[in-house]
Every structure is written in C-alpha cells, then in structure tokens.
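Here's the structure, in structure tokens; my notes come after.
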Amino acid sequence: CGKGPLLVTKRCASTAKSPAKMMAWQIYQYGGNEELTLSDRARAATIKAPNELLIKVHAASVNPIDVKMRGGYGQKVLNMLRAQQGGLLGSEFPLILGRDFSGVVIETGRAVYGALSAYRQGSHAQFTVASDSEIAKKPQVLSHTEAASIPYVATTSWAALCTIGELSEKNAHKKRVLVQGGSGGIGTFSIQLLKAWGAYVATTCSTDAVDFLRNLGADAVIDYKTTDAKKELSKLPQFDFVFDAVGGPTADDSFDLLKKWTNAKLVTIVHPFLQNTDSFGVVPGMGRAVIALGSNLMKGFSAGRSYRWAIFLPNGKALEKVGRLVQRDLIHPVVEKEFPFSELPAAFQFVEEGHNRGKTVVKMV
Ligand code: NDP
C-alpha cells in the first residue's frame with residue numbers, strides 16, 4: 001500500500017481483513033468455454049490506488065464483451081492499458097472476466113453497482129476492486145441480480161447517446177430516434193432511457209420480440225425477420241438519431257434514414273476498432289480505424305449528417321442518474337436468465353448463442 005493520505009491507509013487496512021484467496025472463474029489462455037476454470041485459491045482482489053474500493057460481489061452479468069474477451073478480443077490495447085496502470089506483471093493471466101457487478105463495499109457495507117474498465121480483473125469472482133468513478137449507489141428497489149444487469153449496457157448506451165451523440169434529458173424530448181437491435185441488453189436499456197427522456201423511439205428486432213419491445217415502450221417496432229426492415233423504416237418520417245447496436249450493413253443502411261442538414265447523427269457501437277488492433281497491431285490497427293471512420297464521416301458531410309463510433313466508458317455519475325430513473329419506475333431491469341455462480345460457463349454459452357432478450361446474470365450470494 002505504501003504511504004498516502006488517510007483514505008489510502010484506511011482502505012489498505014481494510015484489505016488486510018479481506019482474504020488472501022478467493023473463489024473466481026479464471027482463464028489461463030484465450031479460447032472457448034473450456035478455458036473457464038473455477039478456482040477457490042485465486043489471488044484476492046486488492047486495492048492499489050486511493051480511489052479504489054474492495055467490493056464483495058453479490059451478482060454479476062455476462063455480456064457479449066465477456067464472451068469476446070474470453071477469445072482474446074481487444075488483448076493488444078487492453079494489455080497496453082494494463083501495463084500503463086501497473087497491473088500487468090508479465091502476463092494478463094490468470095484473467096478474471098466480467099464487467100458488471102452489484103455488491104457491497106467491504107469497508108462501509110454500502111450497496112453499490114458498477115461496470116469495470118475493460119483492463120481490470122473482472123467481476124466473475126467473490127471480490128472485485130473498482131474505482132469510485134466506476135460505481136454508484138445500488139437502486140434500493142432492485143435486488144443485486146437485477147442491479148447487476150444494468151451497469152455495462154447503461155454506461156455504453158450513455159457513452160453512445162450522450163457523450164458521443166450529445167443527446168440528453170434536456171434535448172431528447174420528441175426527437176425521433178431509431179434503435180437498431182432493440183431486443184438485446186443494449187437495446188432493451190436504451191429504449192427505456194430514451195422513452196424516459198421523452199423521445200419517439202422506433203426499433204428493429206426478430207418476430208418473437210415485437211410485443212416485448214412494444215411493452216417496453218417502443219413507439220414503432222419493425223420485425224427484421226419477416227419484413228424488409230430498410231424498406232419499412234424508410235416509409236417512416238426520417239430520424240434525428242440512430243443508435244446502432246447491430247453493425248455491418250444494418251448500420252450503413254441506417255445512414256439514409258437520418259434527416260438531412262440538421263446534424264442528425266448515427267452512432268454505432270459495433271465497429272472494427274479493437275478487432276483491427278488485434279489483427280494488425282495497436283498503431284496500424286488504429287490507422288485503419290481512422291481511415292474507415294473517415295470515409296463514413298465524408299459521406300455524412302455531403303448531407304449534413306454525422307457518423308460516429310462509441311465505446312463503453314465506465315461512468316459512475318451516469319449510473320447515479322440511471323439509478324434515479326429506476327427508483328422513479330421509468331427504467332426496469334430486463335433479466336432474461338439467472339445462473340448460479342457454479343454454472344458460469346453455461347451462462348457464457350447462453351449469451352454466446354445469441355438471440356438474447358435482455359440480460360443474463362450470475363448470482364454469487
Ligand atoms: P446482445 O447479444 O444482448 O443483443 C444483440 C441483439 O441483436 C439480439 O437480441 C439479436 O436478436 C439482435 N439482432 C441481431 N441481428 C439483428 C438485426 N439485423 N436487426 C435487429 N436486431 C438484431 O448484445 P448487446 O445488446 O449487449 O450488444 C449489442 C452489440 O453491441 C454487440 O455486438 C456487442 O458486442 C456490441 N457492444 C459494443 C460495445 C462497445 O464498447 N463498442 C459495448 C457493448 C456492446 P436476434 O438475433 O434474435 O434478432
């Protein structure tokens with residue numbers, strides 16, 4: 001722990017009470033589900049900085065990012081960040097996956113929820129360490145299972161809609177927003193956030209999810225399985241904003257659905273940024289990403305629209321605001337499936353199979 005302000009000393013003292021070992025699901029190399037190994041002797045999470053807290057995890061969720069990271073996604077950039085943060089001693093393994101958690105701060109007994117930066121050891125363990133900027137007070141009306149379903153999709157949606165897309169509760173009222181990919185974790189959260197802010201929300205999904213998304217508040221739901229979604233969407237008045245959680249041709253086709261010359265925006269979270277850095281190295285990969293984004297930006301300039309990429313950013317302040325909307329009954333957790341901690345690989349398999357309807361949560365306590 002070293003020398004430091006009173007706060008550090010106090011927190012370091014508290015870690016002395018925490019066990020040296022903990023239960024955790026770890027991987028020792030990148031690969032498939034067979035790499036997930038349950039250990040009861042994993043090195044316990046420890047606080048390394050004054051702004052960090054030791055948290056007993058009560059529930060965590062499994063996101064598509066966990067499945068991708070199990071296979072090595074983002075490793076080049078993340079190892080660079082791990083080295084910068086002083087947390088990488090030779091190798092990233094054994095690696096604990098998991099971004100989302102809901103739990104209790106060991107030192108204070110305070111119930112919190114949060115989403116961990118991708119370079120950190122994860123939440124699929126008995127204990128985790130988070131910085132105070134990654135967490136917020138857990139909404140009291142939610143169980144830990146429900147709370148753990150929210151942070152990663154909430155902070156990613158916040159990054160895309162607000163930080164990159166410049167939408168907010170103040171300006172979203174009556175804006176026409178299209179959410180591409182409404183039925184998954186990101187879609188079910190962002191539809192509710194946008195409705196809470198008073199936007200008009202259209203969305204796309206498979207046939208079985210149409211009624212589910214209408215009940216969640218979407219104003220128009222287009223079934224992309226049984227109709228030509230692009231054609232159906234183009235019959236609707238044009239949009240001020242497209243939030244794309246599908247990528248590929250779906251993202252590209254969405255561009256023409258935006259109003260012209262009003263700075264209407266398409267923000268996608270499915271882009272090749274980390275994939276490029278994995279394939280070509282950090283600098284060349286970033287170069288390719290800049291070129292790909294640049295060509296989309298140019299397309300936008302010709303019609304007064306803008307095309308942007310967003311990524312997950314931990315954001316405790318956003319989680320506080322989301323927590324207030326939850327307390328006011330404006331946002332509800334959408335937990336599709338819950339698994340016990342001992343069955344975490346089954347949760348990974350469930351998420352990996354796709355067609356998710358909301359979130360998959362793993363219960364520790
Ligand atoms: P989920 O797996 O929870 O949901 C994806 C949903 O999209 C599924 O419900 C799927 O259902 C639906 N879907 C698939 N194809 C289409 C389509 N053509 N049109 C409409 N819906 C479709 O994933 P998340 O919601 O958590 O994440 C969405 C995407 O965003 C993922 O690719 C994820 O990796 C990415 N992401 C990126 C982040 C970043 O930092 N850049 C952060 C978070 C997520 P069905 O197949 O049944 O139609």
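How things are named: the first chain in the structure tokens is A, the next is B, and so on; residues count from 1 in each chain; ligands count from 1 in the order shown.
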Nearby residues (only C-alpha atoms) at most 8 Å from Pro139 in chain A, same-chain spacing under 5 positions excluded, as a ChimeraX atom specification:
/A:147,323-324,326-327
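Taking only C-alpha atoms and all ligand atoms into account, ligand 1 has within 6 Å the residues Asn63, Pro64, Ile65, Thr156, Gln180, Gly181, Ser183, Gly184, Gly185, Ile186, Gly187, Thr204, Cys205, Ser206, Tyr224, Ala245, Val246, Ile269, Val270, Ala310, Ile311, Phe312, Gly354, His355, Asn356, Arg357 and Gly358 of chain A.
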Which of range 13-259 of chain A end up as alpha helix (DSSP H) when DSSP is run on this backbone - answer as number ranges by chain?
A: 13-17, 64-70, 75-84, 144-148, 151-158, 185-196, 210-216, 229-234, 248-254
Env of Lys21 in chain A: 8 Å cut, atoms = only C-alpha atoms, seq-sep filter 2 positions within chain, self excluded. Answer as a list in words.
Pro19, Met23, Asp40, Arg41, Ala42, Arg43 and Ala44 of chain A
Which polymer residues have any atom within 6 Å of an atom of Ala24 in chain A, counting only C-alpha atoms, with same-chain residues fewer than 4 positions away left out, as a VMD selection string?
chain A and resid 38 to 39 125
Fewer than 5 positions away in the same chain doesn't count, so skip those; otherwise give me all residues within 10 Å of range 319-322 of chain A, counting only C-alpha atoms, as a PyMOL selection string.
chain A and resi 113-115+133-139+150-152+154-155+158+193+314+327-328+330-331
Just list the residues in range 31-65 of chain A DSSP gives strand (DSSP E) on the backbone, as a PyMOL selection string.
chain A and resi 37-43+52-62
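The nearest approach to Ala60 in chain A among the residues A:Phe301, A:Phe341, A:Tyr30, A:Phe241, with only C-alpha atoms taken into account, belongs to A:Phe341.
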Name the residues in contact with His173 in chain A at a cut-off of 8 Å, using only C-alpha atoms, excluding same-chain residues fewer than 6 positions from it; report them as a PyMOL selection string.
chain A and resi 197-200
Keeping only N, CA and C atoms, take the residues you just selected and write them out as a PDB file, in the first residue's frame.
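That gives us result-v9.pdb:
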```
ATOM      1  N   TRP A 197     -36.693   9.969 -21.374  1.00  0.00           N
ATOM      2  CA  TRP A 197     -36.338  11.340 -21.752  1.00  0.00           C
ATOM      3  C   TRP A 197     -37.360  11.968 -22.712  1.00  0.00           C
ATOM      4  N   GLY A 198     -38.398  11.220 -23.074  1.00  0.00           N
ATOM      5  CA  GLY A 198     -39.477  11.786 -23.893  1.00  0.00           C
ATOM      6  C   GLY A 198     -39.251  11.702 -25.384  1.00  0.00           C
ATOM      7  N   ALA A 199     -38.314  10.867 -25.839  1.00  0.00           N
ATOM      8  CA  ALA A 199     -38.079  10.741 -27.283  1.00  0.00           C
ATOM      9  C   ALA A 199     -39.123   9.821 -27.909  1.00  0.00           C
ATOM     10  N   TYR A 200     -39.281   9.958 -29.240  1.00  0.00           N
ATOM     11  CA  TYR A 200     -40.043   8.983 -30.019  1.00  0.00           C
ATOM     12  C   TYR A 200     -39.047   7.890 -30.382  1.00  0.00           C
TER      13      TYR A 200
END
```
Near range 344-346 of chain A, within 9 Å and counting only C-alpha atoms, which residues show up once chain neighbours fewer than 2 positions away are dropped, as a JSON list (two decimals) with all heavy atoms, in the first residue's frame?
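Just written: result-v1.json:
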```json
[["chain", "number", "residue", "atom", "x", "y", "z"],
["A", 25, "TRP", "N", -13.76, -17.41, -11.33],
["A", 25, "TRP", "CA", -13.64, -18.09, -12.62],
["A", 25, "TRP", "C", -12.52, -17.41, -13.37],
["A", 25, "TRP", "O", -12.54, -16.19, -13.57],
["A", 25, "TRP", "CB", -14.95, -17.99, -13.40],
["A", 25, "TRP", "CG", -15.99, -18.98, -12.91],
["A", 25, "TRP", "CD1", -16.98, -18.74, -12.01],
["A", 25, "TRP", "CD2", -16.13, -20.34, -13.31],
["A", 25, "TRP", "NE1", -17.73, -19.87, -11.79],
["A", 25, "TRP", "CE2", -17.24, -20.87, -12.59],
["A", 25, "TRP", "CE3", -15.44, -21.17, -14.18],
["A", 25, "TRP", "CZ2", -17.66, -22.19, -12.74],
["A", 25, "TRP", "CZ3", -15.87, -22.49, -14.33],
["A", 25, "TRP", "CH2", -16.96, -22.98, -13.61],
["A", 33, "ASN", "N", -15.19, -21.93, -24.16],
["A", 33, "ASN", "CA", -15.72, -22.08, -22.81],
["A", 33, "ASN", "C", -14.91, -23.04, -21.95],
["A", 33, "ASN", "O", -14.91, -22.93, -20.73],
["A", 33, "ASN", "CB", -17.17, -22.59, -22.91],
["A", 33, "ASN", "CG", -18.12, -21.60, -22.29],
["A", 33, "ASN", "OD1", -17.75, -20.46, -22.02],
["A", 33, "ASN", "ND2", -19.34, -22.03, -22.06],
["A", 34, "GLU", "N", -14.20, -23.97, -22.63],
["A", 34, "GLU", "CA", -13.41, -24.96, -21.88],
["A", 34, "GLU", "C", -12.27, -24.29, -21.11],
["A", 34, "GLU", "O", -11.69, -24.89, -20.20],
["A", 34, "GLU", "CB", -12.87, -26.06, -22.81],
["A", 34, "GLU", "CG", -11.82, -25.63, -23.84],
["A", 34, "GLU", "CD", -12.40, -24.85, -25.02],
["A", 34, "GLU", "OE1", -13.64, -24.72, -25.11],
["A", 34, "GLU", "OE2", -11.60, -24.35, -25.85],
["A", 36, "LEU", "N", -12.61, -21.70, -19.15],
["A", 36, "LEU", "CA", -13.09, -21.15, -17.88],
["A", 36, "LEU", "C", -12.85, -22.15, -16.76],
["A", 36, "LEU", "O", -13.35, -23.28, -16.80],
["A", 36, "LEU", "CB", -14.59, -20.83, -17.97],
["A", 36, "LEU", "CG", -14.96, -19.63, -18.85],
["A", 36, "LEU", "CD1", -16.46, -19.63, -19.14],
["A", 36, "LEU", "CD2", -14.56, -18.32, -18.17],
["A", 37, "THR", "N", -12.07, -21.76, -15.76],
["A", 37, "THR", "CA", -11.70, -22.66, -14.68],
["A", 37, "THR", "C", -12.08, -22.03, -13.34],
["A", 37, "THR", "O", -11.70, -20.89, -13.07],
["A", 37, "THR", "CB", -10.16, -22.86, -14.68],
["A", 37, "THR", "OG1", -9.77, -23.24, -15.98],
["A", 37, "THR", "CG2", -9.73, -23.91, -13.68],
["A", 62, "VAL", "N", -23.23, -11.54, -17.54],
["A", 62, "VAL", "CA", -22.36, -11.95, -18.64],
["A", 62, "VAL", "C", -22.81, -11.16, -19.87],
["A", 62, "VAL", "O", -23.97, -11.23, -20.26],
["A", 62, "VAL", "CB", -22.46, -13.47, -18.90],
["A", 62, "VAL", "CG1", -21.60, -13.85, -20.10],
["A", 62, "VAL", "CG2", -22.02, -14.25, -17.66],
["A", 124, "HIS", "N", -16.34, -11.75, -12.19],
["A", 124, "HIS", "CA", -16.79, -13.14, -12.04],
["A", 124, "HIS", "C", -15.98, -13.81, -10.93],
["A", 124, "HIS", "O", -15.26, -14.79, -11.13],
["A", 124, "HIS", "CB", -16.66, -13.89, -13.37],
["A", 124, "HIS", "CG", -17.58, -13.34, -14.43],
["A", 124, "HIS", "ND1", -17.40, -13.53, -15.77],
["A", 124, "HIS", "CD2", -18.69, -12.56, -14.31],
["A", 124, "HIS", "CE1", -18.38, -12.93, -16.43],
["A", 124, "HIS", "NE2", -19.16, -12.33, -15.57],
["A", 339, "PHE", "N", -28.19, -17.57, -13.57],
["A", 339, "PHE", "CA", -27.44, -18.82, -13.33],
["A", 339, "PHE", "C", -26.75, -18.72, -11.97],
["A", 339, "PHE", "O", -26.32, -17.63, -11.58],
["A", 339, "PHE", "CB", -26.34, -19.01, -14.38],
["A", 339, "PHE", "CG", -26.86, -19.33, -15.77],
["A", 339, "PHE", "CD1", -27.26, -18.31, -16.62],
["A", 339, "PHE", "CD2", -26.95, -20.64, -16.20],
["A", 339, "PHE", "CE1", -27.73, -18.61, -17.90],
["A", 339, "PHE", "CE2", -27.41, -20.95, -17.47],
["A", 339, "PHE", "CZ", -27.81, -19.92, -18.32],
["A", 340, "PRO", "N", -26.56, -19.87, -11.26],
["A", 340, "PRO", "CA", -25.72, -19.81, -10.06],
["A", 340, "PRO", "C", -24.26, -19.63, -10.48],
["A", 340, "PRO", "O", -23.88, -20.00, -11.60],
["A", 340, "PRO", "CB", -25.93, -21.18, -9.41],
["A", 340, "PRO", "CG", -26.53, -22.06, -10.45],
["A", 340, "PRO", "CD", -27.15, -21.20, -11.51],
["A", 341, "PHE", "N", -23.45, -19.11, -9.57],
["A", 341, "PHE", "CA", -22.02, -18.85, -9.83],
["A", 341, "PHE", "C", -21.31, -20.10, -10.34],
["A", 341, "PHE", "O", -20.47, -20.04, -11.23],
["A", 341, "PHE", "CB", -21.38, -18.34, -8.53],
["A", 341, "PHE", "CG", -19.94, -17.94, -8.67],
["A", 341, "PHE", "CD1", -19.55, -16.99, -9.60],
["A", 341, "PHE", "CD2", -18.96, -18.50, -7.84],
["A", 341, "PHE", "CE1", -18.22, -16.60, -9.71],
["A", 341, "PHE", "CE2", -17.64, -18.11, -7.94],
["A", 341, "PHE", "CZ", -17.27, -17.17, -8.89],
["A", 342, "SER", "N", -21.68, -21.26, -9.77],
["A", 342, "SER", "CA", -21.01, -22.51, -10.14],
["A", 342, "SER", "C", -21.26, -22.89, -11.60],
["A", 342, "SER", "O", -20.56, -23.71, -12.17],
["A", 342, "SER", "CB", -21.47, -23.65, -9.22],
["A", 342, "SER", "OG", -22.87, -23.78, -9.33],
["A", 348, "PHE", "N", -22.14, -18.25, -20.08],
["A", 348, "PHE", "CA", -21.38, -17.82, -21.26],
["A", 348, "PHE", "C", -21.97, -18.45, -22.52],
["A", 348, "PHE", "O", -22.15, -17.78, -23.54],
["A", 348, "PHE", "CB", -19.90, -18.23, -21.13],
["A", 348, "PHE", "CG", -19.03, -17.16, -20.52],
["A", 348, "PHE", "CD1", -19.16, -16.81, -19.19],
["A", 348, "PHE", "CD2", -18.08, -16.49, -21.28],
["A", 348, "PHE", "CE1", -18.37, -15.83, -18.62],
["A", 348, "PHE", "CE2", -17.28, -15.51, -20.73],
["A", 348, "PHE", "CZ", -17.42, -15.19, -19.39],
["A", 349, "GLN", "N", -22.27, -19.74, -22.43],
["A", 349, "GLN", "CA", -22.80, -20.45, -23.60],
["A", 349, "GLN", "C", -24.14, -19.84, -24.02],
["A", 349, "GLN", "O", -24.40, -19.62, -25.20],
["A", 349, "GLN", "CB", -22.97, -21.93, -23.27],
["A", 349, "GLN", "CG", -23.19, -22.77, -24.51],
["A", 349, "GLN", "CD", -23.38, -24.23, -24.17],
["A", 349, "GLN", "OE1", -22.92, -24.71, -23.12],
["A", 349, "GLN", "NE2", -24.05, -24.94, -25.05],
["A", 350, "PHE", "N", -24.97, -19.53, -23.04],
["A", 350, "PHE", "CA", -26.29, -18.96, -23.31],
["A", 350, "PHE", "C", -26.14, -17.61, -24.04],
["A", 350, "PHE", "O", -26.80, -17.35, -25.05],
["A", 350, "PHE", "CB", -27.06, -18.78, -21.99],
["A", 350, "PHE", "CG", -28.46, -18.30, -22.17],
["A", 350, "PHE", "CD1", -29.45, -19.18, -22.61],
["A", 350, "PHE", "CD2", -28.79, -16.98, -21.92],
["A", 350, "PHE", "CE1", -30.76, -18.73, -22.79],
["A", 350, "PHE", "CE2", -30.10, -16.53, -22.11],
["A", 350, "PHE", "CZ", -31.07, -17.41, -22.54],
["A", 351, "VAL", "N", -25.23, -16.77, -23.56],
["A", 351, "VAL", "CA", -25.03, -15.45, -24.19],
["A", 351, "VAL", "C", -24.42, -15.61, -25.58],
["A", 351, "VAL", "O", -24.80, -14.92, -26.53],
["A", 351, "VAL", "CB", -24.14, -14.55, -23.29],
["A", 351, "VAL", "CG1", -23.75, -13.27, -24.00],
["A", 351, "VAL", "CG2", -24.86, -14.24, -21.98],
["A", 362, "VAL", "N", -25.36, -13.80, -13.28],
["A", 362, "VAL", "CA", -24.82, -14.89, -12.46],
["A", 362, "VAL", "C", -24.90, -14.44, -10.99],
["A", 362, "VAL", "O", -24.44, -13.35, -10.65],
["A", 362, "VAL", "CB", -23.35, -15.15, -12.84],
["A", 362, "VAL", "CG1", -22.77, -16.24, -11.96],
["A", 362, "VAL", "CG2", -23.24, -15.55, -14.30]]
```
